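structure-v2.cif (mmCIF, C-alpha atoms and all ligand atoms; chains and numbers go by the auth columns)
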```cif
data_query
loop_
_atom_site.group_PDB
_atom_site.id
_atom_site.type_symbol
_atom_site.label_atom_id
_atom_site.label_comp_id
_atom_site.label_asym_id
_atom_site.label_seq_id
_atom_site.Cartn_x
_atom_site.Cartn_y
_atom_site.Cartn_z
_atom_site.B_iso_or_equiv
_atom_site.auth_seq_id
_atom_site.auth_asym_id
ATOM 1 C CA MET A 1 -21.896 50.690 -26.961 0.00 1 Z
ATOM 2 C CA ARG A 2 -21.319 47.559 -24.908 0.00 2 Z
ATOM 3 C CA LEU A 3 -24.108 45.983 -22.907 0.00 3 Z
ATOM 4 C CA ASN A 4 -23.857 43.463 -20.127 0.00 4 Z
ATOM 5 C CA THR A 5 -26.828 41.275 -19.290 0.00 5 Z
ATOM 6 C CA GLN A 6 -27.752 37.689 -18.510 0.00 6 Z
ATOM 7 C CA VAL A 7 -29.682 36.984 -21.700 0.00 7 Z
ATOM 8 C CA GLY A 8 -29.530 38.695 -25.078 0.00 8 Z
ATOM 9 C CA ILE A 9 -32.624 38.349 -27.260 0.00 9 Z
ATOM 10 C CA VAL A 10 -32.493 39.175 -30.967 0.00 10 Z
ATOM 11 C CA GLY A 11 -35.794 40.541 -32.264 0.00 11 Z
ATOM 12 C CA ALA A 12 -38.732 42.319 -30.613 0.00 12 Z
ATOM 13 C CA GLY A 13 -41.413 40.216 -32.280 0.00 13 Z
ATOM 14 C CA PRO A 14 -44.016 38.420 -30.159 0.00 14 Z
ATOM 15 C CA ALA A 15 -41.585 35.598 -29.355 0.00 15 Z
ATOM 16 C CA GLY A 16 -38.726 37.844 -28.201 0.00 16 Z
ATOM 17 C CA LEU A 17 -41.020 40.102 -26.175 0.00 17 Z
ATOM 18 C CA MET A 18 -42.832 37.159 -24.549 0.00 18 Z
ATOM 19 C CA LEU A 19 -39.541 35.466 -23.692 0.00 19 Z
ATOM 20 C CA GLY A 20 -38.159 38.693 -22.239 0.00 20 Z
ATOM 21 C CA HIS A 21 -41.209 39.127 -20.028 0.00 21 Z
ATOM 22 C CA LEU A 22 -41.190 35.490 -18.877 0.00 22 Z
ATOM 23 C CA LEU A 23 -37.500 35.826 -17.977 0.00 23 Z
ATOM 24 C CA HIS A 24 -38.232 39.015 -16.046 0.00 24 Z
ATOM 25 C CA LEU A 25 -41.040 37.300 -14.116 0.00 25 Z
ATOM 26 C CA ASN A 26 -38.516 34.619 -13.191 0.00 26 Z
ATOM 27 C CA GLY A 27 -35.909 37.149 -12.033 0.00 27 Z
ATOM 28 C CA ILE A 28 -33.627 36.843 -15.076 0.00 28 Z
ATOM 29 C CA ASP A 29 -32.224 39.972 -16.762 0.00 29 Z
ATOM 30 C CA SER A 30 -32.459 40.340 -20.523 0.00 30 Z
ATOM 31 C CA VAL A 31 -31.875 42.844 -23.295 0.00 31 Z
ATOM 32 C CA ILE A 32 -33.792 42.765 -26.574 0.00 32 Z
ATOM 33 C CA VAL A 33 -32.101 44.128 -29.686 0.00 33 Z
ATOM 34 C CA GLU A 34 -34.336 44.889 -32.668 0.00 34 Z
ATOM 35 C CA ASN A 35 -33.087 46.053 -36.066 0.00 35 Z
ATOM 36 C CA ARG A 36 -36.300 47.866 -36.971 0.00 36 Z
ATOM 37 C CA SER A 37 -37.891 50.881 -35.308 0.00 37 Z
ATOM 38 C CA ARG A 38 -40.533 50.528 -32.616 0.00 38 Z
ATOM 39 C CA GLU A 39 -43.129 52.100 -34.939 0.00 39 Z
ATOM 40 C CA TYR A 40 -42.294 49.666 -37.729 0.00 40 Z
ATOM 41 C CA VAL A 41 -42.571 46.629 -35.452 0.00 41 Z
ATOM 42 C CA ILE A 42 -45.926 47.790 -34.059 0.00 42 Z
ATOM 43 C CA ASP A 43 -47.349 48.763 -37.449 0.00 43 Z
ATOM 44 C CA ARG A 44 -46.276 45.579 -39.246 0.00 44 Z
ATOM 45 C CA VAL A 45 -49.612 43.865 -39.929 0.00 45 Z
ATOM 46 C CA ARG A 46 -49.594 40.135 -39.380 0.00 46 Z
ATOM 47 C CA ALA A 47 -51.622 37.763 -37.249 0.00 47 Z
ATOM 48 C CA GLY A 48 -55.173 38.531 -36.206 0.00 48 Z
ATOM 49 C CA VAL A 49 -56.158 35.669 -33.930 0.00 49 Z
ATOM 50 C CA LEU A 50 -54.720 34.156 -30.760 0.00 50 Z
ATOM 51 C CA GLU A 51 -54.961 30.523 -29.753 0.00 51 Z
ATOM 52 C CA HIS A 52 -56.520 29.640 -26.396 0.00 52 Z
ATOM 53 C CA GLY A 53 -53.173 28.805 -24.791 0.00 53 Z
ATOM 54 C CA THR A 54 -51.654 32.126 -25.875 0.00 54 Z
ATOM 55 C CA VAL A 55 -54.546 34.033 -24.302 0.00 55 Z
ATOM 56 C CA ASP A 56 -54.110 32.077 -21.053 0.00 56 Z
ATOM 57 C CA LEU A 57 -50.376 32.778 -21.066 0.00 57 Z
ATOM 58 C CA LEU A 58 -50.811 36.527 -21.664 0.00 58 Z
ATOM 59 C CA HIS A 59 -53.230 36.698 -18.725 0.00 59 Z
ATOM 60 C CA ALA A 60 -50.920 34.631 -16.504 0.00 60 Z
ATOM 61 C CA MET A 61 -48.049 37.004 -17.392 0.00 61 Z
ATOM 62 C CA GLY A 62 -50.133 39.998 -16.286 0.00 62 Z
ATOM 63 C CA VAL A 63 -50.274 41.589 -19.762 0.00 63 Z
ATOM 64 C CA GLY A 64 -53.845 40.656 -20.689 0.00 64 Z
ATOM 65 C CA ALA A 65 -55.772 43.778 -19.639 0.00 65 Z
ATOM 66 C CA ASN A 66 -56.223 45.230 -23.148 0.00 66 Z
ATOM 67 C CA LEU A 67 -56.811 41.782 -24.565 0.00 67 Z
ATOM 68 C CA GLN A 68 -59.601 41.253 -22.031 0.00 68 Z
ATOM 69 C CA ARG A 69 -61.126 44.617 -22.938 0.00 69 Z
ATOM 70 C CA HIS A 70 -60.845 44.524 -26.738 0.00 70 Z
ATOM 71 C CA GLY A 71 -60.375 40.896 -27.793 0.00 71 Z
ATOM 72 C CA LEU A 72 -63.312 39.144 -29.479 0.00 72 Z
ATOM 73 C CA ARG A 73 -63.797 35.565 -28.384 0.00 73 Z
ATOM 74 C CA HIS A 74 -64.620 33.423 -31.402 0.00 74 Z
ATOM 75 C CA ASP A 75 -66.542 30.277 -30.478 0.00 75 Z
ATOM 76 C CA GLY A 76 -67.113 28.619 -33.828 0.00 76 Z
ATOM 77 C CA VAL A 77 -67.876 28.782 -37.516 0.00 77 Z
ATOM 78 C CA TYR A 78 -70.930 28.594 -39.780 0.00 78 Z
ATOM 79 C CA ILE A 79 -71.075 26.167 -42.689 0.00 79 Z
ATOM 80 C CA SER A 80 -73.787 26.470 -45.321 0.00 80 Z
ATOM 81 C CA PHE A 81 -74.986 23.204 -46.884 0.00 81 Z
ATOM 82 C CA GLN A 82 -77.960 22.580 -49.161 0.00 82 Z
ATOM 83 C CA GLY A 83 -79.449 25.979 -48.402 0.00 83 Z
ATOM 84 C CA GLN A 84 -79.119 25.623 -44.645 0.00 84 Z
ATOM 85 C CA ARG A 85 -76.694 27.346 -42.306 0.00 85 Z
ATOM 86 C CA HIS A 86 -75.130 25.167 -39.586 0.00 86 Z
ATOM 87 C CA HIS A 87 -73.255 26.497 -36.579 0.00 87 Z
ATOM 88 C CA ILE A 88 -70.250 24.402 -35.569 0.00 88 Z
ATOM 89 C CA ASN A 89 -69.647 25.273 -31.950 0.00 89 Z
ATOM 90 C CA LEU A 90 -65.930 24.668 -31.584 0.00 90 Z
ATOM 91 C CA THR A 91 -65.935 25.785 -27.957 0.00 91 Z
ATOM 92 C CA GLU A 92 -68.415 23.050 -27.022 0.00 92 Z
ATOM 93 C CA LEU A 93 -66.521 20.494 -29.062 0.00 93 Z
ATOM 94 C CA THR A 94 -63.191 21.321 -27.413 0.00 94 Z
ATOM 95 C CA GLY A 95 -64.305 21.506 -23.784 0.00 95 Z
ATOM 96 C CA GLY A 96 -64.539 25.295 -23.519 0.00 96 Z
ATOM 97 C CA LYS A 97 -61.652 26.441 -25.696 0.00 97 Z
ATOM 98 C CA ALA A 98 -61.832 29.297 -28.184 0.00 98 Z
ATOM 99 C CA ILE A 99 -59.626 31.487 -30.296 0.00 99 Z
ATOM 100 C CA THR A 100 -59.635 35.239 -29.708 0.00 100 Z
ATOM 101 C CA VAL A 101 -59.597 37.875 -32.426 0.00 101 Z
ATOM 102 C CA TYR A 102 -56.888 40.331 -31.309 0.00 102 Z
ATOM 103 C CA GLY A 103 -54.273 41.763 -33.660 0.00 103 Z
ATOM 104 C CA GLN A 104 -50.622 40.864 -33.339 0.00 104 Z
ATOM 105 C CA ASN A 105 -49.951 44.609 -33.438 0.00 105 Z
ATOM 106 C CA GLU A 106 -51.893 44.952 -30.206 0.00 106 Z
ATOM 107 C CA VAL A 107 -50.074 42.036 -28.566 0.00 107 Z
ATOM 108 C CA VAL A 108 -46.719 43.546 -29.523 0.00 108 Z
ATOM 109 C CA LYS A 109 -47.822 46.988 -28.284 0.00 109 Z
ATOM 110 C CA ASP A 110 -48.975 45.550 -24.922 0.00 110 Z
ATOM 111 C CA LEU A 111 -45.717 43.633 -24.462 0.00 111 Z
ATOM 112 C CA ILE A 112 -43.571 46.663 -25.382 0.00 112 Z
ATOM 113 C CA GLU A 113 -45.476 48.846 -22.923 0.00 113 Z
ATOM 114 C CA ALA A 114 -45.096 46.216 -20.188 0.00 114 Z
ATOM 115 C CA ARG A 115 -41.385 46.033 -20.898 0.00 115 Z
ATOM 116 C CA ILE A 116 -40.880 49.796 -20.926 0.00 116 Z
ATOM 117 C CA ALA A 117 -42.631 49.959 -17.547 0.00 117 Z
ATOM 118 C CA ILE A 118 -40.014 47.630 -16.050 0.00 118 Z
ATOM 119 C CA THR A 119 -36.961 48.860 -17.980 0.00 119 Z
ATOM 120 C CA LYS A 120 -33.914 49.468 -15.853 0.00 120 Z
ATOM 121 C CA CYS A 121 -30.462 50.313 -17.182 0.00 121 Z
ATOM 122 C CA ALA A 122 -27.454 51.767 -15.388 0.00 122 Z
ATOM 123 C CA ARG A 123 -24.336 53.147 -17.025 0.00 123 Z
ATOM 124 C CA SER A 124 -21.128 52.287 -15.216 0.00 124 Z
ATOM 125 C CA LYS A 125 -17.928 54.397 -15.338 0.00 125 Z
ATOM 126 C CA SER A 126 -16.610 52.075 -18.028 0.00 126 Z
ATOM 127 C CA SER A 127 -18.372 51.966 -21.395 0.00 127 Z
ATOM 128 C CA VAL A 128 -20.320 48.874 -20.343 0.00 128 Z
ATOM 129 C CA GLN A 129 -23.992 49.479 -19.652 0.00 129 Z
ATOM 130 C CA ARG A 130 -25.655 47.094 -17.239 0.00 130 Z
ATOM 131 C CA CYS A 131 -29.266 46.381 -18.155 0.00 131 Z
ATOM 132 C CA GLN A 132 -31.745 44.390 -16.156 0.00 132 Z
ATOM 133 C CA VAL A 133 -34.500 44.791 -18.733 0.00 133 Z
ATOM 134 C CA SER A 134 -34.424 46.847 -21.883 0.00 134 Z
ATOM 135 C CA ILE A 135 -35.144 47.064 -25.607 0.00 135 Z
ATOM 136 C CA PHE A 136 -32.752 48.613 -28.102 0.00 136 Z
ATOM 137 C CA TRP A 137 -34.346 49.543 -31.400 0.00 137 Z
ATOM 138 C CA LYS A 138 -32.952 49.754 -34.869 0.00 138 Z
ATOM 139 C CA ALA A 139 -29.352 48.630 -34.364 0.00 139 Z
ATOM 140 C CA SER A 140 -27.416 50.018 -37.294 0.00 140 Z
ATOM 141 C CA GLU A 141 -25.236 46.948 -37.608 0.00 141 Z
ATOM 142 C CA PRO A 142 -26.133 43.280 -37.098 0.00 142 Z
ATOM 143 C CA VAL A 143 -26.045 41.912 -33.591 0.00 143 Z
ATOM 144 C CA ARG A 144 -23.065 39.661 -33.128 0.00 144 Z
ATOM 145 C CA LYS A 145 -22.190 37.274 -30.358 0.00 145 Z
ATOM 146 C CA THR A 146 -18.793 38.202 -28.908 0.00 146 Z
ATOM 147 C CA SER A 147 -18.616 35.456 -26.314 0.00 147 Z
ATOM 148 C CA GLY A 148 -20.922 32.786 -25.071 0.00 148 Z
ATOM 149 C CA THR A 149 -19.133 29.490 -25.314 0.00 149 Z
ATOM 150 C CA SER A 150 -19.401 28.975 -21.556 0.00 150 Z
ATOM 151 C CA GLY A 151 -23.208 28.950 -21.649 0.00 151 Z
ATOM 152 C CA PRO A 152 -26.101 31.369 -21.856 0.00 152 Z
ATOM 153 C CA ARG A 153 -25.421 33.023 -18.507 0.00 153 Z
ATOM 154 C CA SER A 154 -22.171 34.516 -19.821 0.00 154 Z
ATOM 155 C CA LEU A 155 -23.542 35.565 -23.214 0.00 155 Z
ATOM 156 C CA ARG A 156 -22.397 39.046 -24.161 0.00 156 Z
ATOM 157 C CA ILE A 157 -23.735 40.925 -27.163 0.00 157 Z
ATOM 158 C CA SER A 158 -22.538 43.989 -29.021 0.00 158 Z
ATOM 159 C CA ALA A 159 -24.993 46.225 -30.803 0.00 159 Z
ATOM 160 C CA SER A 160 -25.020 49.670 -32.316 0.00 160 Z
ATOM 161 C CA VAL A 161 -27.943 51.769 -31.235 0.00 161 Z
ATOM 162 C CA SER A 162 -29.175 54.750 -33.199 0.00 162 Z
HETATM 163 C C1 LIG B . -49.709 37.605 -43.238 0.00 1 I
HETATM 164 C C2 LIG B . -49.507 36.826 -41.953 0.00 1 I
HETATM 165 C C3 LIG B . -50.626 36.399 -41.232 0.00 1 I
HETATM 166 C C4 LIG B . -50.467 35.667 -40.056 0.00 1 I
HETATM 167 N N1 LIG B . -51.586 35.268 -39.341 0.00 1 I
HETATM 168 C C5 LIG B . -51.450 34.624 -38.158 0.00 1 I
HETATM 169 C C6 LIG B . -52.584 34.325 -37.320 0.00 1 I
HETATM 170 O O1 LIG B . -53.728 34.627 -37.644 0.00 1 I
HETATM 171 N N2 LIG B . -52.369 33.703 -36.130 0.00 1 I
HETATM 172 C C7 LIG B . -51.104 33.382 -35.706 0.00 1 I
HETATM 173 O O2 LIG B . -50.962 32.817 -34.620 0.00 1 I
HETATM 174 N N3 LIG B . -50.011 33.668 -36.474 0.00 1 I
HETATM 175 C C8 LIG B . -50.153 34.278 -37.670 0.00 1 I
HETATM 176 N N4 LIG B . -49.037 34.607 -38.408 0.00 1 I
HETATM 177 C C9 LIG B . -47.730 34.230 -37.895 0.00 1 I
HETATM 178 C C10 LIG B . -47.191 35.221 -36.855 0.00 1 I
HETATM 179 O O3 LIG B . -47.241 36.535 -37.359 0.00 1 I
HETATM 180 C C11 LIG B . -45.746 34.812 -36.573 0.00 1 I
HETATM 181 O O4 LIG B . -45.786 33.476 -36.093 0.00 1 I
HETATM 182 C C12 LIG B . -45.083 35.708 -35.536 0.00 1 I
HETATM 183 O O5 LIG B . -44.859 36.980 -36.076 0.00 1 I
HETATM 184 C C13 LIG B . -43.747 35.079 -35.168 0.00 1 I
HETATM 185 O O6 LIG B . -43.204 35.872 -34.135 0.00 1 I
HETATM 186 P P1 LIG B . -41.652 35.932 -33.890 0.00 1 I
HETATM 187 O O7 LIG B . -41.414 36.851 -32.737 0.00 1 I
HETATM 188 O O8 LIG B . -41.097 34.540 -33.809 0.00 1 I
HETATM 189 O O9 LIG B . -41.024 36.494 -35.246 0.00 1 I
HETATM 190 P P2 LIG B . -41.207 37.945 -35.898 0.00 1 I
HETATM 191 O O10 LIG B . -42.571 38.505 -35.644 0.00 1 I
HETATM 192 O O11 LIG B . -40.751 37.794 -37.313 0.00 1 I
HETATM 193 O O12 LIG B . -40.158 38.825 -35.074 0.00 1 I
HETATM 194 C C14 LIG B . -38.783 38.723 -35.286 0.00 1 I
HETATM 195 C C15 LIG B . -38.172 40.096 -35.041 0.00 1 I
HETATM 196 O O13 LIG B . -36.755 39.991 -35.132 0.00 1 I
HETATM 197 C C16 LIG B . -36.242 41.132 -35.826 0.00 1 I
HETATM 198 N N5 LIG B . -34.945 40.728 -36.352 0.00 1 I
HETATM 199 C C17 LIG B . -34.691 39.796 -37.311 0.00 1 I
HETATM 200 N N6 LIG B . -33.364 39.686 -37.477 0.00 1 I
HETATM 201 C C18 LIG B . -32.764 40.551 -36.610 0.00 1 I
HETATM 202 C C19 LIG B . -31.384 40.879 -36.318 0.00 1 I
HETATM 203 N N7 LIG B . -30.363 40.293 -36.950 0.00 1 I
HETATM 204 N N8 LIG B . -31.133 41.797 -35.350 0.00 1 I
HETATM 205 C C20 LIG B . -32.176 42.387 -34.687 0.00 1 I
HETATM 206 N N9 LIG B . -33.477 42.122 -34.931 0.00 1 I
HETATM 207 C C21 LIG B . -33.771 41.208 -35.874 0.00 1 I
HETATM 208 C C22 LIG B . -37.304 41.423 -36.885 0.00 1 I
HETATM 209 O O14 LIG B . -37.269 42.754 -37.328 0.00 1 I
HETATM 210 C C23 LIG B . -38.597 41.119 -36.103 0.00 1 I
HETATM 211 O O15 LIG B . -39.119 42.266 -35.455 0.00 1 I
HETATM 212 C C24 LIG B . -49.149 35.347 -39.593 0.00 1 I
HETATM 213 C C25 LIG B . -48.038 35.809 -40.310 0.00 1 I
HETATM 214 C C26 LIG B . -48.189 36.543 -41.467 0.00 1 I
HETATM 215 C C27 LIG B . -46.949 37.040 -42.211 0.00 1 I
#
```

Show me the file's structure as structure tokens.
Amino acid sequence: MRLNTQVGIVGAGPAGLMLGHLLHLNGIDSVIVENRSREYVIDRVRAGVLEHGTVDLLHAMGVGANLQRHGLRHDGVYISFQGQRHHINLTELTGGKAITVYGQNEVVKDLIEARIAITKCARSKSSVQRCQVSIFWKASEPVRKTSGTSGPRSLRISASVS
């Protein structure tokens, strides 16, 4: 299958999904190609906390509803010293900032759902499929760049989709 789009993104991890959504919000088409299945990418257990700036960005991108509902804001830590427990309030010490406990699985799930909601592909009479926004899972051969020397706007990718 041949795809035609403005930007080709390799990998539907948090970075690829975030980039794809930011491009979409700025009116730029993109296709994400991922060599694992959707279930694998969602189930892959990794990070558990989000930095303050990431939380702000997810909200600004309009994908923070679940994060708002289920994320646990974490304001500081306790340190025990000579039999006494001391609370170090990191939020106070950093002018209101905090990390949020929210699994990377959930972030990835939210971003995939947001992307599916805006996915738009059209098949032309030729074999080239024009995609404004899409994700292709589990390509059975590695993504390769077939052209792109004239800059990112003319990047074309080939991928096998199972
Ligand atoms: C055990 C662990 C704990 C962590 N804890 C934290 C934490 O608490 N807080 C935090 O902020 N970070 C944490 N991290 C780091 C965080 O998980 C990574 O920074 C994050 O996953 C990076 O996202 P990414 O999208 O750049 O890469 P990835 O998540 O690795 O995504 C890359 C994607 O590209 C796909 N891919 C690769 N090659 C190809 C190819 N040729 N064609 C198609 N697809 C391809 C992969 O399958 C993958 O889905 C942790 C990581 C680990 C492993």

Exercise for the section: Check which residues satisfy the PyMOL selection byres (((not hetatm)) within 7 of (chain I and resi 1)) in the file shown, then give them as an MDAnalysis selection string. Expected result: chainID Z and resid 10:16 33:36 41 46:51 104 139 142:143

How big is the axis-aligned box, and where does its centre sit, when it encloses all atoms of region 115-120 of chain Z listed in the file and has 8 Å added on every side, reported in Å to one decimal as lines of an AutoDock Vina configuration file?
```
center_x = -38.3
center_y = 48.0
center_z = -18.4
size_x = 24.7
size_y = 19.9
size_z = 21.1
```

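Shortest atom-to-atom contact with Arg73 (chain Z) among Z:Leu93, Z:Ile88, Z:Val101, Z:Leu57: Z:Val101, counting only C-alpha atoms.
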
Practice task
Compare Z:Lys97, Z:Glu39, Z:Lys109, Z:Gln82 by their minimum atom-to-atom distance to Asn66 (chain Z), counting all atoms listed in the file, and give me the closest one.
Solution key: Z:Lys109

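You will find CA of His52 (chain Z) at 13.0 Å from CA of Gly76 (chain Z).
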
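Contact shell of Val77 (chain Z) at 8 Å (only C-alpha atoms; same-chain neighbours under 5 positions omitted): His87, Ile88, Asn89 and Leu90 of chain Z.
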
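Here CA of Tyr78 (chain Z) and CA of Ala98 (chain Z) stand 14.8 Å from one another.
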
Exercise for the section: Go ahead and compute the interatomic distance for CA of Val133 (chain Z) and CA of Gly64 (chain Z), in Å to one decimal. Expected result: 19.9 Å

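Proximity of Z:Ala122, Z:Leu22, Z:Glu106, Z:Gln6 to Ala65 (chain Z), computed with only C-alpha atoms, is greatest for Z:Glu106.
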
Counting all atoms listed in the file, which residues in region 51-100 of chain Z sit no more than 12 Å from region 17-21 of chain Z? For each one, give the nearest pair of atoms and the distance in Å, sorted by chain then residue number, as a Markdown table.
```
| residue | atom | partner | partner_atom | distance |
| --- | --- | --- | --- | --- |
| Z:Thr54 | CA | Z:Met18 | CA | 10.2 |
| Z:Leu57 | CA | Z:Met18 | CA | 9.4 |
| Z:Leu58 | CA | Z:Met18 | CA | 8.5 |
| Z:His59 | CA | Z:Met18 | CA | 11.9 |
| Z:Ala60 | CA | Z:His21 | CA | 11.3 |
| Z:Met61 | CA | Z:His21 | CA | 7.6 |
| Z:Gly62 | CA | Z:His21 | CA | 9.7 |
| Z:Val63 | CA | Z:His21 | CA | 9.4 |
```

Problem - Residue neighbourhood Asn105 (chain Z), 7 Å, only C-alpha atoms, exclusion window fewer than 3 positions, as a PyMOL selection string - result: chain Z and resi 42-45+108-109

Residues from the last selection, C-alpha atoms, saved as a PDB file, keeping the file's coordinate frame:
```pdb
ATOM      1  CA  ILE Z  42     -45.926  47.790 -34.059  1.00  0.00           C
ATOM      2  CA  ASP Z  43     -47.349  48.763 -37.449  1.00  0.00           C
ATOM      3  CA  ARG Z  44     -46.276  45.579 -39.246  1.00  0.00           C
ATOM      4  CA  VAL Z  45     -49.612  43.865 -39.929  1.00  0.00           C
ATOM      5  CA  VAL Z 108     -46.719  43.546 -29.523  1.00  0.00           C
ATOM      6  CA  LYS Z 109     -47.822  46.988 -28.284  1.00  0.00           C
TER       7      LYS Z 109
END
```
